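Asker: Sharing a structure below in structure tokens format, with a few things to ask.
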Amino acid sequence: MALINFNKTVLHNLVSKPKTRKAEKEYPVGTRGHVENDMDLCILCGLCSIKCPTHAITVDKNEKTWSIRPMSCIQCRCCVDNCPKKSLSMGLRFQEPGTEKLTKTFKQSEKAIAAQEALMKAAKERAAAAAAAKAAAANAAGAPAPATAAPEKAPAAPAQATQDQNKE
């Protein structure tokens with residue numbers, strides 16, 4: 001008798017609409033999902049990997065890559081809060097579960113690499129110009145050359161002056 005009731009339920013479910021509706025879940029503001037990185041803004045400073053308590057983030061400056069192990073990330077937001085260029089953000093969707101531990105690796109674009117190299121070159125030129133201006137100002141004031149020049153042996157004149165003062 002139970003088999004007949006079960007078959008009746010199965011047939012009814014096959015031909016009728018479901019009683020429930022599938023709704024897209026809305027995540028509230030402030031929900032912590034997965035970490036997203038805008039590699040065009042990232043300068044690969046490594047602060048995110050230093051601040052990460054689970055060491056889920058790896059930065060390789062030589063290869064210009066940024067990697068994250070999503071299943072090791074605890075969504076604490078330390079990396080996002082400490083990013084100086086604000087290239088990191090928290091997505092609203094959670095990481096999909098899986099059977100394997102993945103490492104997501106992102107590489108900087110050639111455009112971003114070229115822009116960073118241009119900034120570094122400009123900074124070095126500014127530093128060299130500032131050092132040259134400082135050296136020129138020191139030479140104009142009659143002061144000895146800056147510490148970058150080879151140090152010369154100090155004259156003994158100041159010691160003799162103090163001895164002459166003691167004699168008087």
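In the structure tokens, each chain is lettered A, B, ... as it comes, each chain's residues begin at 1, and ligands are numbered from 1 in order of appearance.
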Can you list, as a ChimeraX atom specification, every residue of stretch 9-152 of chain A that DSSP puts in helix (DSSP H, G or I)?
Answerer: /A:9-15,47-51,78-82,110-140
Asker: Near stretch 101-105 of chain A, within 12 Å and counting only C-alpha atoms, which residues show up once chain neighbours fewer than 4 positions away are dropped, as a VMD selection string?
Answerer: chain A and resid 34 to 37 39 56 to 60 63 to 73 95 to 97
Asker: Find the residue from A:Cys45, A:His12, A:Asn7, A:Ala141 that sits nearest to A:Ser87; use only C-alpha atoms when measuring.
Answerer: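 Closest to A:Ser87 of all the choices is A:Cys45.
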Asker: What are the closest atom pairs, with distances in Å to one decimal, for each residue of stretch 33-104 of chain A lying within 8 Å of stretch 109-125 of chain A, using only C-alpha atoms, rows by chain and rising residue number, as a Markdown table?
Answerer:
```
| residue | atom | partner | partner_atom | distance |
| --- | --- | --- | --- | --- |
| A:Met39 | CA | A:Ser109 | CA | 7.4 |
| A:Asp40 | CA | A:Ala112 | CA | 5.4 |
| A:Leu41 | CA | A:Ala112 | CA | 7.6 |
| A:Ile43 | CA | A:Gln116 | CA | 7.4 |
```
Asker: Store the residues picked out above in a file with C-alpha atoms, as a CSV table (one decimal), in the first residue's frame.
Answerer:
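That gives us part.csv:
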```csv
chain,number,residue,atom,x,y,z
A,39,MET,CA,46.9,43.7,-11.0
A,40,ASP,CA,47.1,47.0,-12.9
A,41,LEU,CA,47.2,48.9,-9.6
A,43,ILE,CA,52.9,47.4,-7.1
```
Asker: Name the closest residue to A:Lys85 among the candidates A:Leu47, A:Ala140, A:Ala129, A:Val10; distances are taken between atoms, counting only C-alpha atoms.
Answerer: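 The closest residue to A:Lys85 is A:Leu47.
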Asker: Would you give me, as an mmCIF file with C-alpha atoms, in the first residue's frame, the residues in stretch 31-141 of chain A that DSSP reads as strand (DSSP E)?
Answerer:
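That gives us selection18.cif:
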```cif
data_model
loop_
_atom_site.group_PDB
_atom_site.id
_atom_site.type_symbol
_atom_site.label_atom_id
_atom_site.label_comp_id
_atom_site.auth_asym_id
_atom_site.auth_seq_id
_atom_site.Cartn_x
_atom_site.Cartn_y
_atom_site.Cartn_z
ATOM 1 C CA VAL A 35 39.995 38.446 -2.162
ATOM 2 C CA GLU A 36 40.224 40.140 -5.554
ATOM 3 C CA ASN A 37 43.346 41.882 -6.874
ATOM 4 C CA ILE A 57 49.225 35.159 -0.231
ATOM 5 C CA THR A 58 52.561 34.954 -2.027
ATOM 6 C CA VAL A 59 54.213 37.792 -3.938
ATOM 7 C CA ASP A 60 57.096 37.176 -6.364
ATOM 8 C CA THR A 65 53.220 37.472 -9.923
ATOM 9 C CA TRP A 66 50.737 37.566 -7.051
ATOM 10 C CA SER A 67 49.288 34.253 -5.793
ATOM 11 C CA ILE A 68 46.605 33.292 -3.313
ATOM 12 C CA LEU A 88 42.901 44.473 -3.135
ATOM 13 C CA SER A 89 39.186 44.195 -2.412
ATOM 14 C CA MET A 90 36.771 41.659 -0.992
ATOM 15 C CA LYS A 104 45.359 31.248 -8.086
ATOM 16 C CA THR A 105 48.255 33.137 -9.666
ATOM 17 C CA PHE A 106 47.941 36.518 -11.355
ATOM 18 C CA LYS A 107 50.654 38.098 -13.492
#
```
Asker: Could you check the closest approach to A:Arg93 for each of A:Thr20, A:Asp38, A:Arg126, A:Gln75 and tell me which residue wins, using only C-alpha atoms?
Answerer: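 Nearest to A:Arg93: A:Gln75.
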Asker: Report, in Å to a single decimal, how far apart atom CA of A:Asn62 and atom CA of A:Glu100 are.
Answerer: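 Rounded to one decimal, the two atoms are 27.5 Å apart.
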